[in-house]
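The structure under discussion appears below in the form of structure tokens.
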Amino acid sequence: MSKNSFLFLITALIFSCNTPSEINKDFNCKIASLNNLEIVEDVTNQFSIQIPKSWKTNLYKDAIQSSIFTADTTKQLTESTLLDVTFVNNNINFNEAFLLKQEQEQLTKKLIRIKHKEVKVLDKPSIYMIYKGKKGKYLFTTCHIFVKVDAQNFIQTKTSVYGDSLVNQRLCESLSRIETIKIH
């Protein structure tokens, strides 16, 4: 390998590490370094994710899914972020019927879809949907991301934030964590 080829490769690697993903661009996220993390694996060893060591985490499993639910319980609810990542053994199609079903489920919770878009997450076909509403006395924003792993499996992530303080920043921090998911 020539010296110029090597320098080009190194430059490309550095640039790609600092290039925001499509979803980060949509949210106007700044690339932040994540510190004091631990790798948490789901019960069935389908995936892992990096989350802060100080967050409280619960694992769940049933016949078709395995979940990691985590939240920063060191902060008040209106300053915290809740993240639920679920590996589902089932097919998914991002068609009108799927979008309608998702919207109807959220409408029963009095949440209104304000945006959806097909993107790539984890280099896989994905779609995200943002819903807003109220839960109890608090404003509530949730972002659902569906990642088609393969023909028979998908990952669903749900990031939820209460209140109106630093909503986009908290969503961006959660997106940074979602992008650390490793599929096994």
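Residues in the structure tokens are named by chain (A, B, ... in the order shown) and by number from 1 within that chain; ligands are numbered from 1 in the order shown.
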
Margin query: Give me, as a list in words, all polymer residues having an atom no more than 8 Å from region 51-56 of chain A, counting only C-alpha atoms and skipping those fewer than 4 positions away in the same chain.
Written below: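 Contacts, in chain order: Asn35, Asn36, Leu37, Glu38, Ile39, Val40, Thr70, Ala71, Asp72, Thr73, Thr74 and Arg177 of chain A.
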
Generate a file of the selected residues that holds C-alpha atoms, formatted as an mmCIF file, in the first residue's frame.
data_model
loop_
_atom_site.group_PDB
_atom_site.id
_atom_site.type_symbol
_atom_site.label_atom_id
_atom_site.label_comp_id
_atom_site.auth_asym_id
_atom_site.auth_seq_id
_atom_site.Cartn_x
_atom_site.Cartn_y
_atom_site.Cartn_z
ATOM 1 C CA ASN A 35 -18.498 8.173 28.951
ATOM 2 C CA ASN A 36 -18.673 5.730 31.868
ATOM 3 C CA LEU A 37 -20.541 3.112 29.854
ATOM 4 C CA GLU A 38 -21.071 -0.578 30.254
ATOM 5 C CA ILE A 39 -22.143 -3.141 27.685
ATOM 6 C CA VAL A 40 -25.472 -4.762 28.543
ATOM 7 C CA THR A 70 -33.063 1.391 31.017
ATOM 8 C CA ALA A 71 -33.441 4.856 32.504
ATOM 9 C CA ASP A 72 -31.453 7.492 34.313
ATOM 10 C CA THR A 73 -33.118 7.239 37.705
ATOM 11 C CA THR A 74 -30.620 9.676 39.257
ATOM 12 C CA ARG A 177 -26.874 4.988 22.676
#

Margin query: Applying 9 Å and only C-alpha atoms, which residues near Tyr131 (chain A) remain after dropping the ones on its own chain fewer than 4 positions away? List them as a PyMOL selection string.
Written below: chain A and resi 103+106+111-115+140-144

Checklist line | For Glu118 (chain A), the nearest of the candidates A:Leu139, A:Val147, A:Ile178, A:Leu77, counting only C-alpha atoms | finding: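 Ranked by minimum distance to Glu118 (chain A), first place goes to A:Val147.
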
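Nearest to Glu79 (chain A) of all the residues A:Val161, A:Cys172, A:Leu100, A:Ile127 is A:Val161, based on only C-alpha atoms.
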
Note to self: To test your reading of the structure, identify every residue in region 29-184 of chain A that backbone DSSP assigns to helix (DSSP H, G or I), and report it as a list in words.
What the structure shows: Leu77, Thr78, Glu79, Glu96, Ala97, Phe98, Leu99, Leu100, Lys101, Gln102, Glu103, Gln104, Glu105, Gln106, Leu107, Val167, Asn168, Gln169, Arg170, Leu171, Cys172, Glu173, Ser174, Leu175, Ser176, Arg177 and Ile178 of chain A

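Compared by their closest atoms to Phe94 (chain A), and using only C-alpha atoms, the residues A:Gln169, A:Ala63, A:Pro125, A:Phe47 rank with A:Pro125 nearest.
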
Checklist line | strand (DSSP E) call set, DSSP backbone run, chain A, as a PyMOL selection string | finding: chain A and resi 37-41+47-52+56-61+65-71+82-88+111-121+124-135+138-150+153-162+182-183

Margin query: Excluding Ser21 (chain A) and its own-chain neighbours fewer than 5 positions away, which residues fall within 12 Å of it when counting only C-alpha atoms? Please give them as a PyMOL selection string.
Written below: chain A and resi 16+26-31+119-123+172+175-176+178-179

Write to file, as a JSON list (two decimals), in the first residue's frame, the residues of the selection just made, with N, CA, C and O atoms.
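Final output, again_15.json:
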[["chain", "number", "residue", "atom", "x", "y", "z"],
["A", 16, "SER", "N", -15.30, 9.32, 8.78],
["A", 16, "SER", "CA", -16.52, 8.52, 8.93],
["A", 16, "SER", "C", -16.90, 8.36, 10.39],
["A", 16, "SER", "O", -18.08, 8.28, 10.71],
["A", 26, "ASP", "N", -31.29, 14.51, 11.08],
["A", 26, "ASP", "CA", -32.71, 14.89, 11.18],
["A", 26, "ASP", "C", -33.02, 15.57, 12.51],
["A", 26, "ASP", "O", -33.88, 16.45, 12.57],
["A", 27, "PHE", "N", -32.35, 15.15, 13.57],
["A", 27, "PHE", "CA", -32.60, 15.71, 14.90],
["A", 27, "PHE", "C", -31.64, 16.85, 15.23],
["A", 27, "PHE", "O", -31.66, 17.37, 16.33],
["A", 28, "ASN", "N", -30.77, 17.19, 14.28],
["A", 28, "ASN", "CA", -29.74, 18.22, 14.50],
["A", 28, "ASN", "C", -28.88, 17.91, 15.71],
["A", 28, "ASN", "O", -28.56, 18.80, 16.52],
["A", 29, "CYS", "N", -28.52, 16.65, 15.86],
["A", 29, "CYS", "CA", -27.71, 16.23, 17.00],
["A", 29, "CYS", "C", -26.24, 16.58, 16.77],
["A", 29, "CYS", "O", -25.74, 16.48, 15.66],
["A", 30, "LYS", "N", -25.59, 16.95, 17.82],
["A", 30, "LYS", "CA", -24.15, 17.13, 17.83],
["A", 30, "LYS", "C", -23.55, 15.80, 18.27],
["A", 30, "LYS", "O", -24.07, 15.15, 19.18],
["A", 31, "ILE", "N", -22.47, 15.41, 17.64],
["A", 31, "ILE", "CA", -21.83, 14.15, 18.01],
["A", 31, "ILE", "C", -21.16, 14.35, 19.36],
["A", 31, "ILE", "O", -20.30, 15.22, 19.52],
["A", 119, "VAL", "N", -35.26, 5.60, 7.20],
["A", 119, "VAL", "CA", -33.83, 5.92, 7.26],
["A", 119, "VAL", "C", -33.05, 4.61, 7.38],
["A", 119, "VAL", "O", -33.64, 3.52, 7.40],
["A", 120, "LYS", "N", -31.76, 4.72, 7.50],
["A", 120, "LYS", "CA", -30.90, 3.59, 7.84],
["A", 120, "LYS", "C", -30.43, 3.79, 9.28],
["A", 120, "LYS", "O", -29.93, 4.87, 9.62],
["A", 121, "VAL", "N", -30.60, 2.78, 10.10],
["A", 121, "VAL", "CA", -30.07, 2.76, 11.45],
["A", 121, "VAL", "C", -29.34, 1.44, 11.59],
["A", 121, "VAL", "O", -29.87, 0.40, 11.18],
["A", 122, "LEU", "N", -28.15, 1.47, 12.13],
["A", 122, "LEU", "CA", -27.30, 0.28, 12.22],
["A", 122, "LEU", "C", -27.06, -0.33, 10.83],
["A", 122, "LEU", "O", -26.95, -1.54, 10.69],
["A", 123, "ASP", "N", -27.06, 0.53, 9.82],
["A", 123, "ASP", "CA", -26.89, 0.11, 8.42],
["A", 123, "ASP", "C", -27.99, -0.85, 7.96],
["A", 123, "ASP", "O", -27.77, -1.67, 7.08],
["A", 172, "CYS", "N", -31.34, 13.10, 21.40],
["A", 172, "CYS", "CA", -30.05, 12.91, 20.74],
["A", 172, "CYS", "C", -29.13, 11.99, 21.55],
["A", 172, "CYS", "O", -28.46, 11.13, 20.99],
["A", 175, "LEU", "N", -30.33, 8.57, 20.98],
["A", 175, "LEU", "CA", -29.96, 8.10, 19.64],
["A", 175, "LEU", "C", -28.50, 7.65, 19.62],
["A", 175, "LEU", "O", -28.16, 6.65, 18.97],
["A", 176, "SER", "N", -27.63, 8.36, 20.33],
["A", 176, "SER", "CA", -26.23, 7.96, 20.41],
["A", 176, "SER", "C", -26.09, 6.58, 21.04],
["A", 176, "SER", "O", -25.28, 5.77, 20.61],
["A", 178, "ILE", "N", -28.51, 4.24, 21.03],
["A", 178, "ILE", "CA", -29.11, 3.29, 20.09],
["A", 178, "ILE", "C", -28.10, 2.90, 19.02],
["A", 178, "ILE", "O", -28.03, 1.74, 18.61],
["A", 179, "GLU", "N", -27.30, 3.85, 18.58],
["A", 179, "GLU", "CA", -26.31, 3.56, 17.56],
["A", 179, "GLU", "C", -25.16, 2.69, 18.06],
["A", 179, "GLU", "O", -24.33, 2.25, 17.27]]

Check: Between A:Arg170, A:Lys182, A:Lys101, A:Lys109, which is the closest to Asp42 (chain A) once you count only C-alpha atoms?
Finding: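 Selected residue with least distance to Asp42 (chain A): A:Lys182.
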